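Here is the file data_16.cif (mmCIF, C-alpha atoms).
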data_structure
#
loop_
_atom_site.label_atom_id
_atom_site.label_comp_id
_atom_site.auth_asym_id
_atom_site.auth_seq_id
_atom_site.Cartn_x
_atom_site.Cartn_y
_atom_site.Cartn_z
CA MET A 201 0.00 0.00 0.00
CA GLU A 202 1.53 3.22 -1.13
CA ASP A 203 -0.31 5.69 1.00
CA ILE A 204 -0.46 3.50 4.09
CA LYS A 205 1.14 6.22 6.17
CA ASN A 206 -1.57 8.72 5.22
CA ILE A 207 -4.32 6.21 5.84
CA ILE A 208 -2.98 5.43 9.28
CA GLU A 209 -2.61 9.12 10.03
CA SER A 210 -6.25 9.69 9.08
CA LEU A 211 -7.27 6.84 11.38
CA LEU A 212 -5.22 8.30 14.20
CA PHE A 213 -6.91 11.63 13.62
CA VAL A 214 -10.37 10.16 14.01
CA THR A 215 -9.88 7.56 16.73
CA GLU A 216 -10.99 8.18 20.28
CA GLU A 217 -8.98 5.38 21.79
CA PRO A 218 -5.42 4.23 21.23
CA LEU A 219 -5.11 2.20 18.02
CA THR A 220 -3.23 -1.05 18.31
CA VAL A 221 -1.18 -2.53 15.49
CA ASP A 222 -3.60 -5.47 15.43
CA ARG A 223 -6.56 -3.18 14.98
CA LEU A 224 -4.79 -1.30 12.20
CA LYS A 225 -3.93 -4.58 10.56
CA LYS A 226 -7.59 -5.59 10.43
CA ILE A 227 -8.68 -2.23 9.08
CA LEU A 228 -5.95 -2.25 6.47
CA ASN A 229 -6.87 -5.70 5.06
CA GLN A 230 -4.08 -7.59 6.73
CA ALA A 231 -1.34 -5.25 5.65
CA ASP A 232 2.15 -6.22 6.67
CA THR A 233 2.83 -5.64 10.38
CA ILE A 234 6.32 -4.39 9.65
CA GLU A 235 4.89 -1.91 7.17
CA ILE A 236 2.36 -0.67 9.72
CA ARG A 237 5.00 -0.28 12.41
CA LYS A 238 7.27 1.57 10.03
CA ALA A 239 4.46 3.95 9.07
CA LEU A 240 3.68 4.59 12.75
CA ASN A 241 7.33 5.25 13.46
CA ASP A 242 7.58 7.61 10.50
CA ILE A 243 4.53 9.56 11.65
CA SER A 244 5.88 9.70 15.18
CA GLU A 245 9.24 10.94 13.92
CA GLU A 246 7.62 13.55 11.70
CA TYR A 247 5.60 14.93 14.58
CA ARG A 248 8.64 14.99 16.77
CA ALA A 249 10.74 16.76 14.17
CA ARG A 250 7.97 19.25 13.49
CA LYS A 251 7.73 20.12 17.19
CA GLY A 252 4.09 21.06 16.77
CA GLY A 253 1.21 21.11 19.21
CA PHE A 254 0.87 17.34 19.47
CA TYR A 255 2.84 14.12 19.39
CA LEU A 256 2.07 10.52 18.66
CA TYR A 257 2.12 8.69 21.99
CA GLN A 258 2.42 5.00 22.63
CA VAL A 259 -0.15 4.30 25.27
CA ALA A 260 -2.09 1.31 26.59
CA GLY A 261 -0.59 -0.97 23.96
CA GLY A 262 -1.59 1.31 21.07
CA TYR A 263 -0.92 4.64 19.42
CA GLN A 264 -2.75 7.91 19.99
CA VAL A 265 -2.28 11.55 19.05
CA ARG A 266 -2.09 13.64 22.19
CA THR A 267 -1.22 17.23 22.91
CA ARG A 268 2.16 18.24 24.20
CA PRO A 269 2.07 18.81 27.94
CA GLU A 270 3.65 22.26 27.49
CA TYR A 271 0.42 23.64 26.11
CA THR A 272 -1.87 22.47 28.89
CA PRO A 273 -2.52 25.99 30.27
CA TRP A 274 -3.84 27.13 26.88
CA ILE A 275 -6.00 24.06 26.43
CA LYS A 276 -7.46 24.67 29.85
CA ARG A 277 -8.65 28.05 28.61
CA LEU A 278 -10.57 26.32 25.85
CA ILE A 279 -12.06 23.47 27.85
CA GLN A 280 -12.38 23.21 31.58
CA PRO A 281 -11.60 19.64 32.41
CA LYS A 282 -12.44 18.53 35.90
CA PRO A 283 -9.26 17.50 37.65
CA LEU A 284 -8.68 13.82 38.24
CA ARG A 285 -9.40 14.29 41.92
CA LEU A 286 -8.82 10.84 43.27
CA SER A 287 -8.57 10.76 47.03
CA LYS A 288 -5.30 9.70 48.61
CA ALA A 289 -6.99 6.49 49.65
CA ALA A 290 -8.17 5.79 46.10
CA LEU A 291 -4.76 6.53 44.62
CA GLU A 292 -2.98 4.33 47.11
CA THR A 293 -5.38 1.50 46.47
CA LEU A 294 -4.93 1.96 42.74
CA ALA A 295 -1.15 1.89 43.11
CA ILE A 296 -1.31 -1.28 45.18
CA ILE A 297 -3.52 -2.96 42.58
CA ALA A 298 -1.31 -1.75 39.73
CA TYR A 299 1.84 -3.14 41.30
CA LYS A 300 0.52 -6.29 42.94
CA GLN A 301 -2.17 -7.49 40.56
CA PRO A 302 -3.85 -9.90 40.44
CA ILE A 303 -4.80 -9.13 44.02
CA ILE A 304 -7.75 -9.76 46.32
CA ARG A 305 -9.37 -7.20 48.59
CA SER A 306 -8.05 -8.62 51.85
CA ASP A 307 -4.47 -8.34 50.58
CA ILE A 308 -5.03 -4.70 49.68
CA GLU A 309 -6.54 -4.04 53.08
CA HIS A 310 -3.64 -5.81 54.72
CA ILE A 311 -1.22 -3.32 53.15
CA ARG A 312 -3.34 -0.22 53.75
CA GLY A 313 -4.54 -1.28 57.17
CA VAL A 314 -8.08 -0.04 56.54
CA ASP A 315 -11.26 -1.16 54.86
CA CYS A 316 -11.13 -0.59 51.10
CA GLY A 317 -14.68 -1.46 50.06
CA GLY A 318 -15.78 2.08 49.24
CA VAL A 319 -12.57 2.94 47.47
CA LEU A 320 -12.72 -0.20 45.33
CA LYS A 321 -16.25 0.74 44.33
CA VAL A 322 -15.07 4.18 43.22
CA LEU A 323 -12.18 2.72 41.25
CA LEU A 324 -14.49 0.20 39.58
CA GLU A 325 -16.97 2.95 38.70
CA ARG A 326 -14.21 5.08 37.25
CA LYS A 327 -13.08 2.04 35.26
CA PHE A 328 -9.54 2.13 36.57
CA ILE A 329 -9.81 -1.42 37.86
CA ARG A 330 -11.80 -4.50 36.93
CA VAL A 331 -12.64 -7.88 38.35
CA LEU A 332 -10.41 -10.55 36.87
CA GLY A 333 -12.15 -13.50 38.47
CA ARG A 334 -12.50 -15.28 41.78
CA LYS A 335 -9.79 -16.84 43.84
CA GLU A 336 -10.38 -20.48 44.65
CA ILE A 337 -10.04 -20.13 48.39
CA PRO A 338 -12.78 -20.10 51.03
CA GLY A 339 -15.21 -17.29 50.32
CA ARG A 340 -14.04 -17.16 46.70
CA PRO A 341 -13.01 -13.52 46.90
CA LEU A 342 -12.90 -11.32 43.79
CA ILE A 343 -9.54 -10.78 42.14
CA TYR A 344 -8.81 -7.25 40.94
CA GLY A 345 -6.56 -5.86 38.23
CA THR A 346 -6.14 -2.57 36.39
CA THR A 347 -7.86 -1.74 33.10
CA ARG A 348 -6.70 -0.38 29.78
CA HIS A 349 -8.39 2.86 30.74
CA PHE A 350 -5.97 3.08 33.66
CA LEU A 351 -3.03 2.84 31.25
CA GLU A 352 -4.62 5.47 29.01
CA VAL A 353 -5.22 7.99 31.76
CA PHE A 354 -1.86 7.52 33.44
CA ASP A 355 0.04 7.62 30.15
CA LEU A 356 1.51 4.14 30.39
CA LYS A 357 2.48 1.96 27.44
CA THR A 358 2.05 -1.21 29.43
CA LEU A 359 2.13 -2.17 33.09
CA LYS A 360 5.84 -2.68 32.70
CA ASP A 361 6.10 1.04 32.03
CA LEU A 362 5.36 1.72 35.71
CA PRO A 363 8.44 2.84 37.57
CA THR A 364 9.84 -0.05 39.54
CA PRO A 365 9.54 0.34 43.28
CA LYS A 366 13.32 0.64 43.20
CA GLU A 367 12.97 3.86 41.27
CA ILE A 368 10.53 5.26 43.75
CA GLU A 369 12.07 7.47 46.34
CA GLU A 370 10.79 8.45 49.72
CA LEU A 371 11.82 8.62 53.32
CA GLY A 372 15.44 8.55 52.26
CA ASN A 373 17.20 5.86 50.34
CA SER A 374 17.85 3.64 53.33
CA ALA A 375 14.21 2.68 53.45
CA LEU A 376 14.45 1.61 49.86
CA GLU A 377 17.67 -0.34 50.11
CA ALA A 378 16.16 -2.66 52.62
CA THR A 379 13.12 -3.21 50.44
CA SER A 380 15.10 -4.02 47.33
CA GLY A 381 14.32 -7.68 47.86
CA MET A 382 10.68 -6.76 47.75
CA SER A 383 11.20 -4.66 44.64
CA GLN A 384 12.88 -7.55 42.94
CA ALA A 385 9.91 -9.77 43.60
CA ASN A 386 7.60 -7.09 42.30
CA SER A 387 9.39 -6.48 39.06
CA GLU A 388 9.46 -10.22 38.48
CA LYS A 389 5.75 -10.32 39.05
CA LEU A 390 5.19 -7.48 36.62
CA GLU A 391 7.45 -9.20 34.13
CA ALA A 392 5.35 -12.35 34.41
CA GLU A 393 2.20 -10.27 34.10
CA LYS A 394 3.52 -8.69 30.95
CA SER A 395 4.35 -11.94 29.23
CA LYS A 396 0.91 -13.19 30.18
CA ASN A 397 -0.68 -10.19 28.49
CA ALA A 398 1.50 -10.34 25.44
CA MET B 413 -33.83 23.22 69.57
CA THR B 414 -31.77 20.41 70.91
CA GLU B 415 -29.41 18.63 68.64
CA ALA B 416 -27.51 15.42 69.07
CA PRO B 417 -23.77 15.96 69.35
CA TYR B 418 -22.34 16.47 65.92
CA ARG B 419 -20.27 13.59 64.66
CA VAL B 420 -17.97 13.59 61.69
CA GLN B 421 -17.50 10.25 60.02
CA LEU B 422 -14.20 9.77 58.32
CA GLU B 423 -15.15 6.91 56.03
CA ASN B 424 -12.82 6.51 53.10
CA ILE B 425 -11.90 10.10 52.55
CA PHE B 426 -9.34 10.39 55.24
CA GLU B 427 -6.46 8.27 56.28
CA GLY B 428 -6.13 5.13 58.32
CA PRO B 429 -3.89 4.06 61.19
CA MET B 430 -0.95 3.37 58.89
CA ASP B 431 -1.04 6.97 57.70
CA LEU B 432 -1.02 8.16 61.26
CA LEU B 433 2.11 6.10 61.94
CA VAL B 434 3.82 7.41 58.81
CA HIS B 435 2.85 10.92 59.84
CA LEU B 436 4.35 10.42 63.30
CA ILE B 437 7.56 8.92 61.92
CA LYS B 438 8.01 11.82 59.52
CA LYS B 439 7.07 14.42 62.08
CA ASN B 440 9.58 13.11 64.62
CA GLU B 441 12.14 12.39 61.90
CA LEU B 442 12.50 8.85 63.13
CA ASP B 443 14.52 6.01 61.69
CA ILE B 444 11.98 3.50 60.55
CA TYR B 445 14.34 0.65 61.46
CA ASP B 446 14.65 1.83 65.00
CA ILE B 447 11.26 3.11 66.00
CA PRO B 448 11.09 4.27 69.62
CA ILE B 449 7.98 2.27 70.28
CA ALA B 450 7.09 3.90 73.60
CA LEU B 451 7.17 7.39 72.09
CA ILE B 452 5.20 6.37 69.01
CA THR B 453 2.59 4.53 71.03
CA GLU B 454 2.13 7.49 73.32
CA GLN B 455 1.75 9.94 70.46
CA TYR B 456 -0.51 7.59 68.56
CA LEU B 457 -2.87 7.27 71.52
CA HIS B 458 -2.72 11.03 71.96
CA TYR B 459 -4.06 11.55 68.43
CA LEU B 460 -6.80 9.04 69.07
CA GLU B 461 -7.78 10.98 72.17
CA TRP B 462 -7.99 14.14 70.12
CA MET B 463 -10.13 12.53 67.52
CA LYS B 464 -12.43 11.19 70.19
CA MET B 465 -12.65 14.59 71.82
CA MET B 466 -13.64 16.15 68.53
CA ASN B 467 -16.31 13.56 67.94
CA ILE B 468 -14.58 12.24 64.88
CA GLU B 469 -15.67 8.71 64.33
CA PHE B 470 -12.72 6.62 63.38
CA ALA B 471 -12.56 3.12 62.06
CA GLY B 472 -12.01 0.16 64.33
CA GLU B 473 -8.67 -0.36 62.60
CA PHE B 474 -7.31 2.52 64.65
CA ILE B 475 -8.06 0.61 67.82
CA VAL B 476 -6.52 -2.56 66.42
CA MET B 477 -3.32 -0.69 65.65
CA ALA B 478 -3.33 0.85 69.10
CA SER B 479 -3.45 -2.59 70.66
CA THR B 480 -0.74 -3.87 68.33
CA LEU B 481 1.50 -0.98 69.39
CA THR B 482 0.80 -1.55 73.04
CA GLN B 483 1.49 -5.23 72.65
CA ILE B 484 4.82 -4.59 70.93
CA LYS B 485 5.68 -2.11 73.63
CA SER B 486 5.08 -4.68 76.34
CA ARG B 487 6.99 -7.37 74.46
CA MET B 488 9.94 -4.98 74.28
CA LEU B 489 9.90 -4.83 78.04
CA LEU B 490 10.20 -8.57 78.50
CA PRO B 491 13.69 -9.78 79.39
CA ILE B 492 15.50 -11.62 76.63
CA HIS B 493 16.68 -15.10 77.52
CA ASP B 494 20.09 -15.79 76.13
CA GLU B 495 19.57 -19.53 75.86
CA GLU B 496 16.71 -19.16 73.46
CA ASP B 497 17.21 -18.63 69.77
CA GLU B 498 17.63 -15.01 68.97
CA GLU B 499 14.15 -13.68 68.95
CA GLU B 500 12.85 -11.39 66.25
CA ASP B 501 12.63 -7.72 67.11
CA PRO B 502 8.95 -7.36 68.06
CA ARG B 503 8.90 -4.07 66.20
CA LEU B 504 9.26 -5.90 62.90
CA GLU B 505 5.57 -6.56 63.17
CA ILE B 506 4.95 -2.95 62.24
CA THR B 507 8.22 -2.09 60.48
CA LYS B 508 7.65 -4.55 57.63
CA PRO B 509 4.10 -3.49 56.78
CA LEU B 510 5.09 0.15 57.24
CA LEU B 511 7.89 -0.16 54.71
CA GLU B 512 5.61 -1.80 52.23
CA TYR B 513 2.96 0.82 52.82
CA ILE B 514 5.40 3.71 52.42
CA GLN B 515 6.56 2.18 49.18
CA MET B 516 3.01 1.98 47.86
CA LYS B 517 2.32 5.52 49.04
CA SER B 518 5.21 6.83 47.00
CA ALA B 519 4.11 4.67 44.09
CA ALA B 520 0.75 6.45 44.32
CA GLU B 521 2.46 9.85 44.43
CA ASN B 522 4.45 8.89 41.37
CA LEU B 523 1.29 7.92 39.54
CA VAL B 524 -0.27 11.38 39.85
CA LYS B 525 2.99 12.99 38.77
CA ARG B 526 2.65 11.40 35.35
CA HIS B 527 1.19 13.27 32.39
CA LEU B 528 -2.42 12.58 33.13
CA LEU B 529 -4.91 12.36 30.32
CA GLY B 530 -7.48 15.10 30.69
CA GLU B 531 -5.24 17.03 33.03
CA ASP B 532 -1.83 17.43 31.42
CA ILE B 533 -2.36 16.01 27.97
CA PHE B 534 -5.45 15.87 25.84
CA ILE B 535 -6.87 13.95 22.94
CA ARG B 536 -9.31 15.05 20.29
CA GLY B 537 -13.06 15.18 20.96
CA GLN B 538 -12.63 13.65 24.33
CA HIS B 539 -15.69 12.65 26.28
CA ARG B 540 -15.25 14.97 29.14
CA GLU B 541 -17.66 13.07 31.37
CA ASP B 542 -14.85 10.58 31.84
CA PHE B 543 -13.13 13.06 34.02
CA LEU B 544 -16.06 14.25 36.04
CA THR B 545 -15.55 13.55 39.65
CA SER B 546 -17.88 11.81 41.96
CA ILE B 547 -18.73 13.69 45.09
CA GLN B 548 -17.47 10.99 47.41
CA ASP B 549 -14.08 11.13 45.83
CA GLU B 550 -12.58 14.35 47.00
CA TYR B 551 -8.88 14.91 46.76
CA ILE B 552 -7.41 16.71 49.70
CA LYS B 553 -3.83 17.63 49.31
CA ILE B 554 -3.35 17.95 53.03
CA GLY B 555 -3.79 15.04 55.35
CA LEU B 556 -6.11 14.82 58.29
CA PHE B 557 -3.23 14.61 60.73
CA GLU B 558 -1.62 17.80 59.45
CA LEU B 559 -5.00 19.38 59.97
CA ILE B 560 -5.15 18.10 63.54
CA ASP B 561 -1.68 19.55 64.16
CA ALA B 562 -2.88 22.93 62.91
CA PHE B 563 -5.93 22.63 65.08
CA GLN B 564 -3.86 21.91 68.15
CA LYS B 565 -1.86 25.05 67.48
CA ILE B 566 -5.05 27.09 67.55
CA LEU B 567 -6.13 25.44 70.78
CA ASP B 568 -2.77 26.24 72.34
CA LYS B 569 -3.55 29.90 71.86
CA ILE B 570 -6.51 29.65 74.18
CA PRO B 571 -5.48 30.84 77.61
CA SER B 572 -5.79 28.04 80.08
CA ASP B 573 -8.69 28.76 82.34
CA ASP B 574 -10.06 26.23 84.73
CA ARG B 575 -13.51 27.63 84.56
CA MET B 576 -15.79 26.24 81.95
CA GLU B 577 -17.99 28.75 80.26
CA PHE B 578 -21.44 27.80 79.21
CA THR B 579 -23.16 29.94 76.69
CA ALA B 580 -26.74 29.38 75.81
CA ASP B 581 -26.58 30.08 72.13
CA ARG B 582 -23.63 28.04 71.05
CA ILE B 583 -23.12 28.05 67.33
CA SER B 584 -23.89 24.84 65.51
CA VAL B 585 -21.68 23.18 62.93
CA LYS B 586 -24.28 23.85 60.26
CA ASP B 587 -24.24 27.57 61.02
CA LYS B 588 -20.49 27.58 61.05
CA ILE B 589 -20.42 25.95 57.62
CA SER B 590 -22.53 28.74 56.19
CA GLN B 591 -20.35 31.33 57.94
CA ILE B 592 -17.23 29.85 56.40
CA ALA B 593 -18.99 29.62 53.05
CA ASP B 594 -19.77 33.34 53.31
CA ILE B 595 -16.15 34.19 54.01
CA LEU B 596 -14.94 32.04 51.15
CA GLU B 597 -17.57 33.39 48.81
CA SER B 598 -16.41 36.94 49.32
CA LYS B 599 -12.69 36.27 49.46
CA GLY B 600 -12.29 33.15 47.35
CA SER B 601 -9.91 31.62 49.84
CA ALA B 602 -8.90 31.91 53.46
CA THR B 603 -6.13 30.61 55.64
CA PHE B 604 -6.94 28.09 58.32
CA GLU B 605 -6.18 30.60 61.05
CA GLU B 606 -8.33 33.37 59.58
CA LEU B 607 -11.36 31.20 60.20
CA PHE B 608 -10.85 31.42 63.93
CA SER B 609 -11.26 34.59 65.93
CA GLU B 610 -8.28 36.15 67.68
CA LYS B 611 -9.07 34.68 71.10
CA PRO B 612 -11.39 31.84 70.32
CA GLU B 613 -13.37 29.86 72.78
CA LYS B 614 -12.75 26.15 72.86
CA GLY B 615 -16.27 25.40 71.69
CA GLU B 616 -15.89 27.69 68.73
CA VAL B 617 -12.60 26.11 67.74
CA ILE B 618 -14.05 22.63 67.77
CA VAL B 619 -17.15 23.64 65.85
CA THR B 620 -15.02 25.40 63.24
CA PHE B 621 -12.79 22.39 62.88
CA LEU B 622 -15.72 20.01 62.45
CA ALA B 623 -17.26 22.41 59.94
CA ILE B 624 -14.06 22.37 57.88
CA LEU B 625 -13.94 18.58 57.89
CA GLU B 626 -17.58 18.40 56.88
CA MET B 627 -17.03 20.89 54.06
CA VAL B 628 -14.16 18.83 52.71
CA LYS B 629 -16.40 15.80 52.77
CA LEU B 630 -19.15 17.65 50.92
CA THR B 631 -16.61 18.73 48.28
CA LEU B 632 -17.25 22.37 49.07
CA VAL B 633 -13.67 23.30 49.77
CA ARG B 634 -10.21 22.31 48.74
CA ILE B 635 -7.52 22.43 51.41
CA VAL B 636 -3.89 22.85 50.50
CA GLN B 637 -0.80 23.51 52.48
CA HIS B 638 2.03 25.69 51.24
CA ALA B 639 5.14 23.55 51.01
CA GLN B 640 7.45 26.16 52.53
CA THR B 641 5.37 28.37 54.78
CA LYS B 642 3.20 25.46 55.98
CA ILE B 643 0.26 27.83 55.83
CA ILE B 644 -2.97 25.95 55.30
CA ARG B 645 -5.40 27.58 52.94
CA LEU B 646 -8.99 26.79 52.07
CA PHE B 647 -10.36 27.35 48.60
CA TYR B 648 -13.97 27.48 47.58
CA ILE B 649 -14.67 25.01 44.81
#
Final structure tokens representation of the file:
Amino acid sequence: MEDIKNIIESLLFVTEEPLTVDRLKKILNQADTIEIRKALNDISEEYRARKGGFYLYQVAGGYQVRTRPEYTPWIKRLIQPKPLRLSKAALETLAIIAYKQPIIRSDIEHIRGVDCGGVLKVLLERKFIRVLGRKEIPGRPLIYGTTRHFLEVFDLKTLKDLPTPKEIEELGNSALEATSGMSQANSEKLEAEKSKNA
Amino acid sequence: MTEAPYRVQLENIFEGPMDLLVHLIKKNELDIYDIPIALITEQYLHYLEWMKMMNIEFAGEFIVMASTLTQIKSRMLLPIHDEEDEEEDPRLEITKPLLEYIQMKSAAENLVKRHLLGEDIFIRGQHREDFLTSIQDEYIKIGLFELIDAFQKILDKIPSDDRMEFTADRISVKDKISQIADILESKGSATFEELFSEKPEKGEVIVTFLAILEMVKLTLVRIVQHAQTKIIRLFYI
């Protein structure tokens, strides 16, 4: 296909959600994956070189045209988006689920030390998390994981794109050194998660 | 008109016992690997007393943590028998979960620092409803315990007087909320201290504090603290 790049660009212009290579492949009558990737890369490079008002971002396993963060103040004069406004509790719960998924409610509550029922409801309503299934233990509790919407909103390519706990700083580095064993386990878990999703 | 004592329920908006511990560790600049358990327990119980005094209903988890702390404290007092295998530091019972919790807290902070869709970066023709907030999901930048600290400062200003004063027409929390709303409506924002009179009565201070908590819960105000000056400011939403 000669004008594959233009076709893809037109699709990117119209789409409301990130376009995956698979989706593009279907739309483009099984065009060559390598060709599609090359076209996406070319578009991305062009936008970057042009240094315009938007870039092509890789997000939630797909591609999407998004504005450059530098111009946020101007955009906010045009539209008045409501801020994300997740409570600390909701954010913490979301972080725990993002890093430790698949995870059941009691494990989340064990880490946070408080009841998480209300917060989980909010996160489910906002479509940041979803129920993955039930754990085959007494009570068959629900297993939670994050959604694609979570990746979209938090500008993540995949779950692996999350900073490793090692990269997270707080309360001095000493606190982190001692938890490096924990971090190791976590990144392995994320790694496993990734290959499962792939 | 007689009213039942006003109670503020914390529910999910505010923090839990783990946050209180983290707050205390930070405030006292303690080494998490060597927590002075007696000091922490004492301060922890002190906060609980305050919350009780202010009629803030807190979750049972706070009590559970209090008993855990007390138990660790008493185990620390027991003599160590040399013959026995080296026993684990009883404090590990809270150190381990605290470390994990702190790690997840910073993970959460890192999440909001990203370029958020609908906040920092935008897409075309976005359904803006996606980013509408639900009322029960208010984001307060300042924690409850920082607020309690600020509140204690105000109370310290009250001259200690053994006599209790009873006034017939004590202001209710509901009235105070509308008073604060009036102030914020005309000025847009106000500092925490501006909301209290120069020499406030204890009753007034408590009512004001409860009113502020209630307003946060109702998503009427946003409370932020200046990173350097530590001045707490309320904004009308």
Would you kindly report the residues of chain A within 6 Å of chain B, using only C-alpha atoms, as an mmCIF file with C-alpha atoms, in the frame of the given file?
data_model
loop_
_atom_site.group_PDB
_atom_site.id
_atom_site.type_symbol
_atom_site.label_atom_id
_atom_site.label_comp_id
_atom_site.auth_asym_id
_atom_site.auth_seq_id
_atom_site.Cartn_x
_atom_site.Cartn_y
_atom_site.Cartn_z
ATOM 1 C CA ARG A 266 -2.090 13.640 22.190
ATOM 2 C CA THR A 267 -1.220 17.230 22.910
ATOM 3 C CA PRO A 269 2.070 18.810 27.940
ATOM 4 C CA THR A 272 -1.870 22.470 28.890
ATOM 5 C CA LYS A 282 -12.440 18.530 35.900
ATOM 6 C CA ARG A 285 -9.400 14.290 41.920
ATOM 7 C CA LEU A 286 -8.820 10.840 43.270
ATOM 8 C CA SER A 287 -8.570 10.760 47.030
ATOM 9 C CA LEU A 291 -4.760 6.530 44.620
ATOM 10 C CA GLU A 292 -2.980 4.330 47.110
ATOM 11 C CA ALA A 295 -1.150 1.890 43.110
ATOM 12 C CA ILE A 311 -1.220 -3.320 53.150
ATOM 13 C CA VAL A 314 -8.080 -0.040 56.540
ATOM 14 C CA VAL A 353 -5.220 7.990 31.760
ATOM 15 C CA PHE A 354 -1.860 7.520 33.440
#
Practice problem: Write out as a VMD selection string each polymer residue whose atoms come within 8 Å of Ala298 in chain A, counting all atoms listed in the file; drop sequence neighbours fewer than 6 positions from it. | Solution: chain A and resid 345 to 346 359
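Picture a line from CA of Lys642 in chain B to CA of Lys586 in chain B; it runs 27.9 Å.
For Asp222 in chain A, the residues within 12 Å (counting only C-alpha atoms, excluding itself and residues fewer than 4 positions away along the chain) are A:Pro218, A:Lys226, A:Ile227, A:Leu228, A:Asn229, A:Gln230, A:Ala231, A:Asp232, A:Thr233, A:Ile234, A:Ile236, A:Arg237, A:Gly261, A:Gly262, A:Tyr263.
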Self-check item: Output of the PyMOL selection byres ((chain A and resi 332) around 7), listed as a count of residues only
Solution: 6
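Within 12 Å of the point (5.0, 5.2, 75.3), and counting all atoms listed in the file, the protein, DNA and RNA residues are Ile447, Pro448, Ile449, Ala450, Leu451, Ile452, Thr453, Glu454, Gln455, Tyr456, Leu457, His458, Ala478, Leu481, Thr482, Gln483, Ile484, Lys485, Ser486, Met488 and Leu489 of chain B.
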Box along x, y and z, 8 Å on every side, all listed atoms of range 328-346 of chain A inside: centre and edge lengths in Å to one decimal, as JSON.
{"center_x": -10.7, "center_y": -9.2, "center_z": 43.7, "size_x": 25.1, "size_y": 38.6, "size_z": 30.6}
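Rounded to one decimal, CA of His349 in chain A and CA of Gln301 in chain A lie 15.6 Å from each other.
Every residue that the PyMOL selection byres ((chain A and resi 259) around 6) selects in this file is listed here: Tyr257, Gln258, Ala260, Gly261, Gly262, Tyr263, Glu352, Asp355, Leu356 and Lys357 of chain A.
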Dump C-alpha atoms for the selected residues as a tab-separated table (two decimals), in the coordinates of the input?
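Saved as selection.tsv:
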chain	number	residue	atom	x	y	z
A	257	TYR	CA	2.12	8.69	21.99
A	258	GLN	CA	2.42	5.00	22.63
A	260	ALA	CA	-2.09	1.31	26.59
A	261	GLY	CA	-0.59	-0.97	23.96
A	262	GLY	CA	-1.59	1.31	21.07
A	263	TYR	CA	-0.92	4.64	19.42
A	352	GLU	CA	-4.62	5.47	29.01
A	355	ASP	CA	0.04	7.62	30.15
A	356	LEU	CA	1.51	4.14	30.39
A	357	LYS	CA	2.48	1.96	27.44
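The space between CA of Lys288 in chain A and CA of Ile589 in chain B spans 24.0 Å.
Within the file as shown, the PyMOL selection byres ((chain B and resi 593) around 12) identifies Lys586, Asp587, Lys588, Ile589, Ser590, Gln591, Ile592, Asp594, Ile595, Leu596, Glu597, Ser598, Lys599, Gly600, Ser601, Ala602, Leu607, Thr620, Ala623, Ile624, Glu626, Met627, Val628, Leu632, Val633, Leu646, Phe647, Tyr648 and Ile649 of chain B.
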Go ahead and write the residues just picked, C-alpha atoms, as a PDB file, keeping the file's coordinate frame.
ATOM      1  CA  LYS B 586     -24.280  23.850  60.260  1.00  0.00           C
ATOM      2  CA  ASP B 587     -24.240  27.570  61.020  1.00  0.00           C
ATOM      3  CA  LYS B 588     -20.490  27.580  61.050  1.00  0.00           C
ATOM      4  CA  ILE B 589     -20.420  25.950  57.620  1.00  0.00           C
ATOM      5  CA  SER B 590     -22.530  28.740  56.190  1.00  0.00           C
ATOM      6  CA  GLN B 591     -20.350  31.330  57.940  1.00  0.00           C
ATOM      7  CA  ILE B 592     -17.230  29.850  56.400  1.00  0.00           C
ATOM      8  CA  ASP B 594     -19.770  33.340  53.310  1.00  0.00           C
ATOM      9  CA  ILE B 595     -16.150  34.190  54.010  1.00  0.00           C
ATOM     10  CA  LEU B 596     -14.940  32.040  51.150  1.00  0.00           C
ATOM     11  CA  GLU B 597     -17.570  33.390  48.810  1.00  0.00           C
ATOM     12  CA  SER B 598     -16.410  36.940  49.320  1.00  0.00           C
ATOM     13  CA  LYS B 599     -12.690  36.270  49.460  1.00  0.00           C
ATOM     14  CA  GLY B 600     -12.290  33.150  47.350  1.00  0.00           C
ATOM     15  CA  SER B 601      -9.910  31.620  49.840  1.00  0.00           C
ATOM     16  CA  ALA B 602      -8.900  31.910  53.460  1.00  0.00           C
ATOM     17  CA  LEU B 607     -11.360  31.200  60.200  1.00  0.00           C
ATOM     18  CA  THR B 620     -15.020  25.400  63.240  1.00  0.00           C
ATOM     19  CA  ALA B 623     -17.260  22.410  59.940  1.00  0.00           C
ATOM     20  CA  ILE B 624     -14.060  22.370  57.880  1.00  0.00           C
ATOM     21  CA  GLU B 626     -17.580  18.400  56.880  1.00  0.00           C
ATOM     22  CA  MET B 627     -17.030  20.890  54.060  1.00  0.00           C
ATOM     23  CA  VAL B 628     -14.160  18.830  52.710  1.00  0.00           C
ATOM     24  CA  LEU B 632     -17.250  22.370  49.070  1.00  0.00           C
ATOM     25  CA  VAL B 633     -13.670  23.300  49.770  1.00  0.00           C
ATOM     26  CA  LEU B 646      -8.990  26.790  52.070  1.00  0.00           C
ATOM     27  CA  PHE B 647     -10.360  27.350  48.600  1.00  0.00           C
ATOM     28  CA  TYR B 648     -13.970  27.480  47.580  1.00  0.00           C
ATOM     29  CA  ILE B 649     -14.670  25.010  44.810  1.00  0.00           C
TER      30      ILE B 649
END
Quiz item: What would the list of residues within 10 Å of (-11.0, 18.2, 72.9) (file frame) look like as a PyMOL selection string, if only C-alpha atoms are what count?
Solution: chain B and resi 461-467+564+567+614-615+617-618
